[in-house]
file input.cif (mmCIF, C-alpha atoms)
data_target
loop_
_atom_site.label_atom_id
_atom_site.label_comp_id
_atom_site.auth_asym_id
_atom_site.auth_seq_id
_atom_site.Cartn_x
_atom_site.Cartn_y
_atom_site.Cartn_z
CA MET D 1 7.94 30.06 2.49
CA ILE D 2 8.25 26.99 4.69
CA LEU D 3 10.11 24.04 3.17
CA VAL D 4 9.35 20.48 4.32
CA HIS D 5 11.94 17.77 3.76
CA HIS D 6 9.57 14.88 3.23
CA LEU D 7 10.55 11.21 3.12
CA ARG D 8 7.86 9.23 1.35
CA VAL D 9 6.06 7.15 2.73
CA GLY D 10 6.26 8.10 6.39
CA ARG D 11 5.80 10.40 9.31
CA ALA D 12 6.19 13.64 7.35
CA VAL D 13 2.66 13.62 5.94
CA PHE D 14 1.44 14.38 9.45
CA THR D 15 3.49 17.58 9.46
CA VAL D 16 2.08 18.47 6.05
CA TRP D 17 -1.37 17.84 7.52
CA LEU D 18 -0.69 20.45 10.21
CA LEU D 19 0.47 22.94 7.57
CA GLU D 20 -2.80 22.32 5.72
CA GLU D 21 -4.84 22.77 8.91
CA LEU D 22 -3.05 26.09 9.39
CA GLY D 23 -3.67 27.10 5.78
CA LEU D 24 0.00 27.92 5.23
CA ASP D 25 1.93 28.04 1.98
CA TYR D 26 4.79 25.55 1.84
CA ASP D 27 7.11 23.74 -0.50
CA LEU D 28 7.85 20.04 -0.33
CA LYS D 29 11.18 18.43 -1.12
CA ILE D 30 10.37 14.75 -1.59
CA TYR D 31 12.87 11.99 -0.76
CA LEU D 32 12.34 8.34 -1.66
CA ARG D 33 13.21 5.19 0.25
CA ASP D 34 15.56 2.53 -1.14
CA GLU D 35 14.44 -1.01 -1.96
CA ASN D 36 14.83 -1.98 1.73
CA GLY D 37 12.51 0.79 2.83
CA ARG D 38 15.30 2.93 4.24
CA ALA D 39 16.01 6.60 3.79
CA GLN D 40 18.86 7.25 1.40
CA ALA D 41 21.96 9.40 1.74
CA ASP D 42 20.29 12.48 0.21
CA LEU D 43 18.22 13.00 3.35
CA ARG D 44 21.42 13.32 5.40
CA GLU D 45 22.10 16.54 3.55
CA ALA D 46 18.90 17.96 5.04
CA HIS D 47 19.63 16.68 8.56
CA PRO D 48 22.55 14.71 10.04
CA LEU D 49 20.20 12.01 11.39
CA GLY D 50 18.80 11.42 7.90
CA LYS D 51 15.28 11.46 9.29
CA SER D 52 12.09 13.15 8.19
CA PRO D 53 10.28 15.47 8.68
CA VAL D 54 12.62 18.43 8.86
CA ILE D 55 11.34 21.92 8.13
CA GLU D 56 13.09 25.10 7.12
CA ASP D 57 11.59 28.50 7.78
CA GLY D 58 13.98 31.26 6.82
CA ASP D 59 17.20 30.56 8.70
CA ILE D 60 15.50 28.13 11.10
CA LYS D 61 15.91 24.42 10.43
CA LEU D 62 14.00 22.14 12.74
CA ALA D 63 13.59 18.40 13.37
CA GLU D 64 11.40 16.41 15.81
CA SER D 65 7.73 16.30 14.90
CA GLY D 66 6.56 17.55 18.30
CA ALA D 67 8.93 20.51 18.24
CA ILE D 68 7.97 21.33 14.65
CA ALA D 69 4.29 21.26 15.59
CA SER D 70 4.88 23.43 18.63
CA TYR D 71 6.86 25.92 16.55
CA LEU D 72 4.35 26.15 13.70
CA VAL D 73 1.36 26.60 15.97
CA SER D 74 2.97 29.12 18.27
CA HIS D 75 4.03 31.31 15.33
CA TYR D 76 1.34 30.78 12.71
CA ASP D 77 -1.90 29.83 14.45
CA THR D 78 -2.84 33.46 14.75
CA GLU D 79 -6.49 32.69 15.47
CA GLY D 80 -5.66 30.20 18.24
CA ARG D 81 -7.65 27.38 16.65
CA LEU D 82 -5.20 24.54 17.30
CA SER D 83 -3.94 25.24 20.83
CA PRO D 84 -5.11 26.87 24.03
CA PRO D 85 -3.59 30.27 24.85
CA MET D 86 -0.32 30.17 26.82
CA SER D 87 -1.99 32.42 29.37
CA ASP D 88 -4.25 29.51 30.34
CA ARG D 89 -1.52 27.80 32.32
CA ALA D 90 -3.32 24.52 33.08
CA ALA D 91 -4.74 24.05 29.59
CA PHE D 92 -1.44 24.89 27.93
CA ALA D 93 0.47 22.47 30.19
CA ARG D 94 -1.95 19.69 29.30
CA TYR D 95 -1.61 20.55 25.61
CA SER D 96 2.17 20.42 25.89
CA GLN D 97 2.00 17.06 27.66
CA TRP D 98 0.05 15.58 24.74
CA LEU D 99 2.43 17.09 22.20
CA HIS D 100 5.24 15.18 23.91
CA TYR D 101 3.21 12.05 24.52
CA SER D 102 2.83 10.61 21.02
CA GLU D 103 6.53 10.29 20.23
CA GLY D 104 7.75 10.37 23.84
CA SER D 105 5.65 7.46 25.13
CA ALA D 106 3.21 5.76 22.78
CA PHE D 107 5.37 5.35 19.71
CA THR D 108 8.09 3.11 21.16
CA PRO D 109 6.09 -0.07 21.90
CA LEU D 110 4.28 0.27 18.55
CA LEU D 111 7.61 0.46 16.73
CA MET D 112 8.64 -2.68 18.62
CA LYS D 113 5.44 -4.37 17.43
CA LEU D 114 6.27 -3.40 13.85
CA LEU D 115 9.80 -4.80 14.11
CA LEU D 116 8.53 -7.96 15.86
CA LEU D 117 6.33 -8.69 12.85
CA ARG D 118 9.55 -8.94 10.82
CA GLU D 119 11.27 -11.32 13.28
CA GLN D 120 11.03 -15.03 12.61
CA GLU D 121 9.44 -17.43 15.11
CA PRO D 122 9.99 -17.90 17.97
CA LYS D 123 9.56 -14.21 18.77
CA PRO D 124 11.87 -12.85 21.49
CA PRO D 125 9.87 -13.19 24.72
CA VAL D 126 11.17 -10.20 26.71
CA ILE D 127 10.55 -7.61 24.00
CA SER D 128 7.29 -9.29 22.93
CA GLY D 129 5.99 -9.16 26.49
CA PHE D 130 7.10 -5.59 27.01
CA ALA D 131 5.56 -4.36 23.77
CA ALA D 132 2.26 -6.20 24.33
CA GLY D 133 1.85 -4.79 27.83
CA GLU D 134 2.76 -1.25 26.85
CA VAL D 135 0.59 -1.19 23.73
CA ALA D 136 -2.43 -2.34 25.75
CA LEU D 137 -1.65 0.26 28.41
CA HIS D 138 -1.43 3.13 25.94
CA LEU D 139 -4.44 2.16 23.85
CA GLY D 140 -6.55 1.78 26.99
CA TYR D 141 -5.35 5.16 28.24
CA LEU D 142 -6.17 6.84 24.93
CA ARG D 143 -9.59 5.15 24.79
CA ASP D 144 -10.38 6.38 28.30
CA THR D 145 -9.05 9.88 27.61
CA ILE D 146 -11.03 10.33 24.41
CA GLY D 147 -14.13 8.69 25.86
CA ASP D 148 -17.13 10.07 24.02
CA GLN D 149 -15.40 13.29 23.02
CA PRO D 150 -14.77 13.82 19.33
CA PHE D 151 -11.17 14.84 19.95
CA LEU D 152 -8.40 14.25 22.45
CA LEU D 153 -8.84 17.51 24.33
CA GLY D 154 -12.59 17.89 23.91
CA ASP D 155 -14.85 19.28 21.22
CA GLN D 156 -12.14 20.99 19.25
CA PHE D 157 -9.52 19.41 17.00
CA GLN D 158 -6.12 20.57 18.28
CA THR D 159 -2.50 19.95 17.37
CA PRO D 160 -1.96 16.86 19.60
CA ASP D 161 -4.72 15.07 17.67
CA ILE D 162 -2.27 14.86 14.78
CA GLY D 163 0.47 13.05 16.73
CA VAL D 164 -2.03 10.74 18.40
CA THR D 165 -3.62 9.92 15.05
CA TYR D 166 -0.14 9.10 13.80
CA VAL D 167 0.50 6.55 16.55
CA LEU D 168 -3.00 5.11 16.27
CA GLN D 169 -2.73 4.53 12.53
CA LEU D 170 0.54 2.76 13.30
CA ALA D 171 -1.39 0.67 15.86
CA ARG D 172 -3.90 -0.11 13.12
CA ARG D 173 -1.11 -1.06 10.74
CA VAL D 174 0.33 -3.60 13.20
CA GLY D 175 -3.12 -5.06 13.86
CA GLU D 176 -3.64 -3.69 17.37
CA LEU D 177 -6.60 -1.36 16.95
CA GLY D 178 -9.36 -3.94 16.42
CA GLY D 179 -10.47 -4.12 20.04
CA TYR D 180 -10.91 -0.37 20.38
CA PRO D 181 -13.95 0.92 18.47
CA THR D 182 -13.61 4.32 20.14
CA LEU D 183 -10.11 4.67 18.72
CA GLU D 184 -11.07 3.29 15.31
CA ALA D 185 -13.78 5.93 15.04
CA TYR D 186 -11.42 8.64 16.26
CA VAL D 187 -8.78 7.76 13.64
CA ASP D 188 -11.36 7.57 10.86
CA ARG D 189 -12.81 10.94 11.90
CA ASN D 190 -9.40 12.60 11.80
CA LEU D 191 -8.18 11.00 8.57
CA ALA D 192 -11.40 12.16 6.89
CA ARG D 193 -10.55 15.82 7.51
CA PRO D 194 -10.15 17.81 4.30
CA ALA D 195 -6.74 19.08 5.45
CA PHE D 196 -5.44 15.52 5.83
CA LYS D 197 -6.75 14.59 2.39
CA ARG D 198 -5.04 17.62 0.88
CA ALA D 199 -1.80 16.62 2.64
CA VAL D 200 -1.95 13.10 1.21
CA GLU D 201 -2.64 14.38 -2.27
CA ARG D 202 0.01 17.07 -2.17
CA SER D 203 2.75 14.78 -0.84
CA GLY D 204 1.86 11.75 -2.95
CA GLU D 205 1.48 9.52 0.12
CA GLN D 206 -0.69 6.44 -0.04
CA MET D 207 -2.66 6.25 3.16
CA GLY D 208 -5.59 4.11 4.29
CA MET Y 1 4.56 23.59 46.65
CA ILE Y 2 5.36 21.29 43.73
CA LEU Y 3 4.87 17.58 44.38
CA VAL Y 4 6.86 14.98 42.43
CA HIS Y 5 5.54 11.44 42.17
CA HIS Y 6 8.86 9.65 42.09
CA LEU Y 7 9.36 5.98 41.23
CA ARG Y 8 12.68 4.81 42.59
CA VAL Y 9 15.05 3.99 40.83
CA GLY Y 10 14.32 5.66 37.52
CA ARG Y 11 13.74 8.61 35.29
CA ALA Y 12 12.23 10.85 37.97
CA VAL Y 13 15.57 11.83 39.51
CA PHE Y 14 16.23 13.84 36.36
CA THR Y 15 13.11 15.91 37.02
CA VAL Y 16 14.25 16.40 40.61
CA TRP Y 17 17.60 17.51 39.22
CA LEU Y 18 15.84 20.24 37.22
CA LEU Y 19 13.96 21.37 40.34
CA GLU Y 20 17.30 21.61 42.14
CA GLU Y 21 18.85 23.58 39.27
CA LEU Y 22 15.90 25.98 39.54
CA GLY Y 23 16.27 26.23 43.31
CA LEU Y 24 12.58 25.41 43.85
CA ASP Y 25 10.91 23.97 46.93
CA TYR Y 26 9.25 20.64 46.31
CA ASP Y 27 7.92 17.54 48.02
CA LEU Y 28 8.63 14.00 46.90
CA LYS Y 29 6.24 11.11 47.09
CA ILE Y 30 8.40 8.02 46.68
CA TYR Y 31 7.12 4.82 45.06
CA LEU Y 32 9.06 1.55 45.06
CA ARG Y 33 9.35 -1.12 42.38
CA ASP Y 34 8.27 -4.71 42.95
CA GLU Y 35 10.70 -7.65 42.93
CA ASN Y 36 10.54 -7.75 39.11
CA GLY Y 37 11.57 -4.11 38.84
CA ARG Y 38 8.10 -2.93 37.86
CA ALA Y 39 6.07 -0.05 39.17
CA GLN Y 40 3.29 -1.17 41.50
CA ALA Y 41 -0.41 -0.35 41.54
CA ASP Y 42 0.02 2.66 43.87
CA LEU Y 43 1.58 4.68 41.07
CA ARG Y 44 -1.59 4.25 39.00
CA GLU Y 45 -3.35 6.41 41.55
CA ALA Y 46 -1.03 9.25 40.63
CA HIS Y 47 -1.38 8.72 36.88
CA PRO Y 48 -3.39 6.21 34.80
CA LEU Y 49 -0.27 5.06 32.95
CA GLY Y 50 1.43 4.20 36.25
CA LYS Y 51 4.59 5.93 35.09
CA SER Y 52 6.95 8.38 36.73
CA PRO Y 53 7.70 11.26 36.92
CA VAL Y 54 4.40 13.03 37.37
CA ILE Y 55 4.27 16.45 39.01
CA GLU Y 56 1.50 18.36 40.66
CA ASP Y 57 1.55 22.12 40.95
CA GLY Y 58 -1.67 23.43 42.44
CA ASP Y 59 -4.46 22.03 40.28
CA ILE Y 60 -2.09 21.12 37.45
CA LYS Y 61 -1.02 17.49 37.16
CA LEU Y 62 1.51 16.77 34.45
CA ALA Y 63 3.29 13.75 32.94
CA GLU Y 64 5.95 13.43 30.19
CA SER Y 65 9.43 14.50 31.24
CA GLY Y 66 9.85 16.90 28.33
CA ALA Y 67 6.54 18.62 28.99
CA ILE Y 68 7.29 18.83 32.71
CA ALA Y 69 10.67 20.40 31.98
CA SER Y 70 9.14 22.86 29.54
CA TYR Y 71 6.46 23.80 32.08
CA LEU Y 72 8.82 24.26 35.01
CA VAL Y 73 11.31 26.36 33.09
CA SER Y 74 8.74 28.56 31.39
CA HIS Y 75 7.07 29.38 34.72
CA TYR Y 76 9.90 29.29 37.27
CA ASP Y 77 13.16 30.11 35.51
CA THR Y 78 12.61 33.78 36.16
CA GLU Y 79 16.25 34.65 35.46
CA GLY Y 80 16.31 32.81 32.11
CA ARG Y 81 19.30 30.67 33.07
CA LEU Y 82 18.09 27.37 31.60
CA SER Y 83 16.48 28.38 28.31
CA PRO Y 84 16.77 31.08 25.66
CA PRO Y 85 14.04 33.73 25.62
CA MET Y 86 10.96 32.87 23.53
CA SER Y 87 11.50 36.15 21.71
CA ASP Y 88 14.65 34.65 20.17
CA ARG Y 89 12.69 32.60 17.69
CA ALA Y 90 15.56 30.55 16.23
CA ALA Y 91 17.23 29.80 19.57
CA PHE Y 92 13.95 28.87 21.22
CA ALA Y 93 12.99 26.56 18.34
CA ARG Y 94 16.35 24.79 18.63
CA TYR Y 95 15.89 24.51 22.41
CA SER Y 96 12.42 23.02 21.91
CA GLN Y 97 13.78 20.53 19.37
CA TRP Y 98 16.29 19.24 21.91
CA LEU Y 99 13.65 19.02 24.63
CA HIS Y 100 11.70 16.68 22.36
CA TYR Y 101 14.75 14.82 21.11
CA SER Y 102 15.82 12.82 24.15
CA GLU Y 103 12.56 10.92 24.65
CA GLY Y 104 11.23 11.42 21.11
CA SER Y 105 14.21 9.97 19.25
CA ALA Y 106 17.24 8.81 21.22
CA PHE Y 107 15.56 6.84 23.99
CA THR Y 108 13.82 4.17 21.89
CA PRO Y 109 16.86 2.29 20.50
CA LEU Y 110 18.56 2.46 23.91
CA LEU Y 111 15.52 0.91 25.56
CA MET Y 112 15.66 -1.81 22.89
CA LYS Y 113 19.33 -2.39 23.80
CA LEU Y 114 18.37 -2.72 27.46
CA LEU Y 115 15.64 -5.26 26.68
CA LEU Y 116 17.92 -7.14 24.27
CA LEU Y 117 20.39 -7.71 27.11
CA ARG Y 118 17.62 -9.65 28.85
CA GLU Y 119 16.82 -11.83 25.81
CA GLN Y 120 18.50 -15.19 25.54
CA GLU Y 121 20.75 -16.10 22.62
CA PRO Y 122 20.27 -16.04 19.72
CA LYS Y 123 19.21 -12.39 19.87
CA PRO Y 124 16.43 -11.41 17.45
CA PRO Y 125 18.25 -10.15 14.33
CA VAL Y 126 15.80 -7.49 13.09
CA ILE Y 127 15.53 -5.62 16.38
CA SER Y 128 19.22 -6.12 17.17
CA GLY Y 129 20.19 -4.64 13.82
CA PHE Y 130 17.77 -1.75 14.14
CA ALA Y 131 18.90 -0.87 17.66
CA ALA Y 132 22.62 -1.11 16.82
CA GLY Y 133 22.27 1.17 13.80
CA GLU Y 134 20.12 3.74 15.59
CA VAL Y 135 22.26 3.86 18.72
CA ALA Y 136 25.39 4.47 16.65
CA LEU Y 137 23.55 7.15 14.66
CA HIS Y 138 22.36 9.02 17.76
CA LEU Y 139 25.61 8.77 19.69
CA GLY Y 140 27.54 10.03 16.67
CA TYR Y 141 25.08 12.89 16.25
CA LEU Y 142 25.36 13.88 19.90
CA ARG Y 143 29.17 13.65 19.78
CA ASP Y 144 29.26 15.91 16.73
CA THR Y 145 26.72 18.34 18.20
CA ILE Y 146 28.54 18.72 21.50
CA GLY Y 147 31.97 18.81 19.84
CA ASP Y 148 34.29 20.72 22.11
CA GLN Y 149 31.51 22.68 23.80
CA PRO Y 150 30.91 22.00 27.47
CA PHE Y 151 27.16 21.67 26.94
CA LEU Y 152 24.72 20.70 24.22
CA LEU Y 153 23.77 24.25 23.25
CA GLY Y 154 27.10 25.93 23.93
CA ASP Y 155 28.81 27.35 26.98
CA GLN Y 156 25.75 27.35 29.20
CA PHE Y 157 24.03 24.38 30.84
CA GLN Y 158 20.40 24.43 29.71
CA THR Y 159 17.34 22.27 30.26
CA PRO Y 160 17.91 19.86 27.31
CA ASP Y 161 21.25 18.84 28.87
CA ILE Y 162 19.20 17.01 31.50
CA GLY Y 163 17.28 14.84 29.01
CA VAL Y 164 20.39 14.16 26.96
CA THR Y 165 22.33 13.20 30.08
CA TYR Y 166 19.50 10.82 30.91
CA VAL Y 167 19.73 9.00 27.59
CA LEU Y 168 23.52 8.99 27.68
CA GLN Y 169 23.70 7.44 31.15
CA LEU Y 170 21.32 4.80 29.79
CA ALA Y 171 23.77 4.32 26.90
CA ARG Y 172 26.53 3.90 29.47
CA ARG Y 173 24.44 1.39 31.40
CA VAL Y 174 23.95 -0.80 28.33
CA GLY Y 175 27.66 -0.61 27.50
CA GLU Y 176 27.45 1.67 24.47
CA LEU Y 177 29.31 4.77 25.61
CA GLY Y 178 32.88 3.41 25.60
CA GLY Y 179 33.78 4.55 22.12
CA TYR Y 180 32.73 8.15 22.74
CA PRO Y 181 35.14 9.98 25.06
CA THR Y 182 33.43 13.30 24.27
CA LEU Y 183 30.14 11.93 25.56
CA GLU Y 184 31.74 10.21 28.56
CA ALA Y 185 33.24 13.53 29.62
CA TYR Y 186 29.95 15.34 29.00
CA VAL Y 187 27.98 12.90 31.19
CA ASP Y 188 30.59 13.03 33.94
CA ARG Y 189 30.58 16.84 33.84
CA ASN Y 190 26.81 17.00 34.19
CA LEU Y 191 26.45 14.30 36.86
CA ALA Y 192 29.07 16.14 38.93
CA ARG Y 193 26.86 19.23 39.20
CA PRO Y 194 25.87 20.06 42.77
CA ALA Y 195 22.19 20.17 41.80
CA PHE Y 196 22.33 16.59 40.49
CA LYS Y 197 24.06 15.42 43.64
CA ARG Y 198 21.40 17.07 45.78
CA ALA Y 199 18.70 15.39 43.66
CA VAL Y 200 20.26 11.96 44.18
CA GLU Y 201 20.59 12.51 47.90
CA ARG Y 202 17.09 13.91 48.32
CA SER Y 203 15.40 11.15 46.34
CA GLY Y 204 17.46 8.27 47.67
CA GLU Y 205 18.52 7.20 44.17
CA GLN Y 206 21.71 5.27 43.65
CA MET Y 207 23.47 6.63 40.58
CA GLY Y 208 26.91 5.98 39.11
#
call {"tool": "encode", "arguments": {"input": "input.cif", "output": "structure tokens"}}
result
Amino acid sequence: MILVHHLRVGRAVFTVWLLEELGLDYDLKIYLRDENGRAQADLREAHPLGKSPVIEDGDIKLAESGAIASYLVSHYDTEGRLSPPMSDRAAFARYSQWLHYSEGSAFTPLLMKLLLLREQEPKPPVISGFAAGEVALHLGYLRDTIGDQPFLLGDQFQTPDIGVTYVLQLARRVGELGGYPTLEAYVDRNLARPAFKRAVERSGEQMG
Amino acid sequence: MILVHHLRVGRAVFTVWLLEELGLDYDLKIYLRDENGRAQADLREAHPLGKSPVIEDGDIKLAESGAIASYLVSHYDTEGRLSPPMSDRAAFARYSQWLHYSEGSAFTPLLMKLLLLREQEPKPPVISGFAAGEVALHLGYLRDTIGDQPFLLGDQFQTPDIGVTYVLQLARRVGELGGYPTLEAYVDRNLARPAFKRAVERSGEQMG
């Protein structure tokens, strides 16, 4: 049985979502934040960085959302619903690129936006300018990539849609998604999936 | 022949380093930064985000350093020098975690440190505090992981050492590596590799 170390509220519900899409059995170990919104010392016992999600599967313990997703899909998506086959070299490379993209590129300027909201005026100009430019760049890129497709890679919901939905709901949270109706519709479509709703219910998250 | 779209000076030399470790033939297309240190419009023709590195291999065009590394090693490391075999499920999962780690986790607070150096006093307290805490967390984690091993995953240099060296030389650049002799020695050991030196020479980078 897979165990998810799950810090509530946060990123981990997106890993639980993937487990629900895969129809896997799993246990959750829930951790709570302190009054400042920070993870507490108990999570350090699960992983030295004290971050979530971390999964355990037998003697394998794994951090990094993208690596967890890659692992789960390559071992448990026996019907090949959530990724292209590795034998399709071009499609699999593109899939891998998007698995890295959400945390490797798009997340950083959105995290800066979130932290900037907590800074007093006047906001620091260098970081404000960097974050604004990068957020616009990434949201425009995602809008153009999705276009009139239902999902990132075409007609079929695949694993990278989870990471991209994660960064886009963060964009929504920091007030950046309003100018992108394509992305609003995409996020709403994904968050309406039964597997996501089961993940929210199971983990006790409160999501929009 | 693999083509690397290479913005000088920057992250791309670490992809060239991997190509040199693999002993592959490749072409470089060099792009230069403008007087403000930014990529120019020509790089947008290679990739809509205007970022580097991007590689082309036949009809495959690929961004995201971690995905590029994963692609190159899975297809061209025929002797299995730079990764564990996929059949070793635990070792390959750990390898994949570290491929995601450098850009997915460690890079963000170091980029914040770099941008904070360019902010005037007084520095913004929320972002300064976040970056300081996260940088210390990641450098301590890397120090403890490497321990007295020569490389991240043990006795053998593997692909994730390239990404981790990238973030650690950024840590050095922003003045954060001084308190970590283990990491100083690790970076020096890796940057002294003949393949890295060939990459620097070939790409015209100027590295410490």
call {"tool": "resolve_selection", "arguments": {"input": "input.cif", "expression": "the PyMOL selection byres ((chain D) within 7 of (chain Y))", "output": "PDB file with C-alpha atoms, keeping the file's coordinate frame"}}
result
ATOM      1  CA  PRO D  48      22.550  14.710  10.040  1.00  0.00           C
ATOM      2  CA  LEU D  49      20.200  12.010  11.390  1.00  0.00           C
ATOM      3  CA  ILE D  60      15.500  28.130  11.100  1.00  0.00           C
ATOM      4  CA  LEU D  62      14.000  22.140  12.740  1.00  0.00           C
ATOM      5  CA  ALA D  63      13.590  18.400  13.370  1.00  0.00           C
ATOM      6  CA  GLU D  64      11.400  16.410  15.810  1.00  0.00           C
ATOM      7  CA  GLY D  66       6.560  17.550  18.300  1.00  0.00           C
ATOM      8  CA  ALA D  67       8.930  20.510  18.240  1.00  0.00           C
ATOM      9  CA  TYR D  71       6.860  25.920  16.550  1.00  0.00           C
ATOM     10  CA  ALA D  90      -3.320  24.520  33.080  1.00  0.00           C
ATOM     11  CA  ALA D  93       0.470  22.470  30.190  1.00  0.00           C
ATOM     12  CA  ARG D  94      -1.950  19.690  29.300  1.00  0.00           C
ATOM     13  CA  SER D  96       2.170  20.420  25.890  1.00  0.00           C
ATOM     14  CA  GLN D  97       2.000  17.060  27.660  1.00  0.00           C
ATOM     15  CA  HIS D 100       5.240  15.180  23.910  1.00  0.00           C
ATOM     16  CA  TYR D 101       3.210  12.050  24.520  1.00  0.00           C
ATOM     17  CA  GLU D 103       6.530  10.290  20.230  1.00  0.00           C
ATOM     18  CA  GLY D 104       7.750  10.370  23.840  1.00  0.00           C
ATOM     19  CA  THR D 108       8.090   3.110  21.160  1.00  0.00           C
ATOM     20  CA  LEU D 115       9.800  -4.800  14.110  1.00  0.00           C
ATOM     21  CA  ARG D 118       9.550  -8.940  10.820  1.00  0.00           C
ATOM     22  CA  GLU D 119      11.270 -11.320  13.280  1.00  0.00           C
ATOM     23  CA  PRO D 124      11.870 -12.850  21.490  1.00  0.00           C
ATOM     24  CA  VAL D 126      11.170 -10.200  26.710  1.00  0.00           C
ATOM     25  CA  ILE D 127      10.550  -7.610  24.000  1.00  0.00           C
ATOM     26  CA  LEU D 137      -1.650   0.260  28.410  1.00  0.00           C
ATOM     27  CA  TYR D 141      -5.350   5.160  28.240  1.00  0.00           C
TER      28      TYR D 141
END
call {"tool": "atom_distance", "arguments": {"input": "input.cif", "atom1": "CA of Val4 (chain D)", "atom2": "CA of Asp34 (chain D)"}}
result
19.8 Å
call {"tool": "atom_distance", "arguments": {"input": "input.cif", "atom1": "CA of Met86 (chain Y)", "atom2": "CA of Val73 (chain Y)"}}
result
11.6 Å
call {"tool": "residues_around", "arguments": {"input": "input.cif", "residues": "Leu82 (chain Y)", "least_positions_apart": "2", "cutoff": "9 Å", "atoms": "all atoms listed in the file", "output": "PDB file with C-alpha atoms, keeping the file's coordinate frame"}}
result
ATOM      1  CA  GLU Y  21      18.850  23.580  39.270  1.00  0.00           C
ATOM      2  CA  LEU Y  22      15.900  25.980  39.540  1.00  0.00           C
ATOM      3  CA  VAL Y  73      11.310  26.360  33.090  1.00  0.00           C
ATOM      4  CA  ASP Y  77      13.160  30.110  35.510  1.00  0.00           C
ATOM      5  CA  GLU Y  79      16.250  34.650  35.460  1.00  0.00           C
ATOM      6  CA  GLY Y  80      16.310  32.810  32.110  1.00  0.00           C
ATOM      7  CA  PRO Y  84      16.770  31.080  25.660  1.00  0.00           C
ATOM      8  CA  GLN Y 156      25.750  27.350  29.200  1.00  0.00           C
ATOM      9  CA  PHE Y 157      24.030  24.380  30.840  1.00  0.00           C
ATOM     10  CA  GLN Y 158      20.400  24.430  29.710  1.00  0.00           C
ATOM     11  CA  THR Y 159      17.340  22.270  30.260  1.00  0.00           C
ATOM     12  CA  PRO Y 160      17.910  19.860  27.310  1.00  0.00           C
TER      13      PRO Y 160
END
call {"tool": "residues_around", "arguments": {"input": "input.cif", "residues": "Leu142 (chain Y)", "least_positions_apart": "3", "cutoff": "12 Å", "atoms": "all atoms listed in the file", "output": "PyMOL selection string"}}
result
(chain D and resi 48-49) or (chain Y and resi 98+101-102+105-106+135-139+145-149+151-153+161+164-165+167-168+171+177+180-184+186-187)
call {"tool": "resolve_selection", "arguments": {"input": "input.cif", "expression": "the PyMOL selection byres ((chain Y and resi 51) around 10)", "output": "list of chain:residue names"}}
result
Y:His5, Y:His6, Y:Leu7, Y:Arg11, Y:Ala12, Y:Arg38, Y:Ala39, Y:Gln40, Y:Leu43, Y:Arg44, Y:Ala46, Y:His47, Y:Pro48, Y:Leu49, Y:Gly50, Y:Ser52, Y:Pro53, Y:Val54, Y:Ala63, Y:Glu64
call {"tool": "resolve_selection", "arguments": {"input": "input.cif", "expression": "the PyMOL selection byres ((chain D and resi 28) around 9)", "output": "PyMOL selection string"}}
result
chain D and resi 2-6+16+26-27+29-30+202-203
call {"tool": "write_last_selection", "arguments": {"input": "input.cif", "atoms": "C-alpha atoms", "output": "compact mmCIF listing (two decimals), in the frame of the given file"}}
result
# COMPACT_ATOMS: atom_id res chain seq x y z
CA ILE D 2 8.25 26.99 4.69
CA LEU D 3 10.11 24.04 3.17
CA VAL D 4 9.35 20.48 4.32
CA HIS D 5 11.94 17.77 3.76
CA HIS D 6 9.57 14.88 3.23
CA VAL D 16 2.08 18.47 6.05
CA TYR D 26 4.79 25.55 1.84
CA ASP D 27 7.11 23.74 -0.50
CA LYS D 29 11.18 18.43 -1.12
CA ILE D 30 10.37 14.75 -1.59
CA ARG D 202 0.01 17.07 -2.17
CA SER D 203 2.75 14.78 -0.84
call {"tool": "residues_near_point", "arguments": {"input": "input.cif", "point": "(23.8, 20.9, 38.1)", "cutoff": "9 Å", "atoms": "all atoms listed in the file", "output": "PyMOL selection string"}}
result
chain Y and resi 17-18+20-21+157+162+189-198
call {"tool": "atom_distance", "arguments": {"input": "input.cif", "atom1": "CA of Val13 (chain Y)", "atom2": "CA of Gly129 (chain D)"}}
result
26.5 Å
call {"tool": "decode", "arguments": {"input": "input.cif", "residues": "region 112-116 of chain Y", "atoms": "N, CA, C and O atoms", "output": "short mmCIF file (atom, residue, chain, number, x, y, z; two decimals), in the first residue's frame"}}
result
data_model
loop_
_atom_site.label_atom_id
_atom_site.label_comp_id
_atom_site.auth_asym_id
_atom_site.auth_seq_id
_atom_site.Cartn_x
_atom_site.Cartn_y
_atom_site.Cartn_z
N MET Y 112 15.98 33.87 -5.94
CA MET Y 112 15.53 34.99 -5.10
C MET Y 112 16.74 35.72 -4.50
O MET Y 112 16.78 36.96 -4.48
N LYS Y 113 17.72 34.97 -4.02
CA LYS Y 113 18.94 35.58 -3.48
C LYS Y 113 19.62 36.46 -4.52
O LYS Y 113 20.09 37.57 -4.23
N LEU Y 114 19.70 35.95 -5.75
CA LEU Y 114 20.34 36.70 -6.82
C LEU Y 114 19.59 38.01 -7.09
O LEU Y 114 20.21 39.08 -7.22
N LEU Y 115 18.27 37.93 -7.14
CA LEU Y 115 17.48 39.14 -7.39
C LEU Y 115 17.55 40.09 -6.19
O LEU Y 115 17.57 41.32 -6.37
N LEU Y 116 17.59 39.53 -4.99
CA LEU Y 116 17.68 40.39 -3.79
C LEU Y 116 18.96 41.21 -3.78
O LEU Y 116 18.98 42.34 -3.28
#
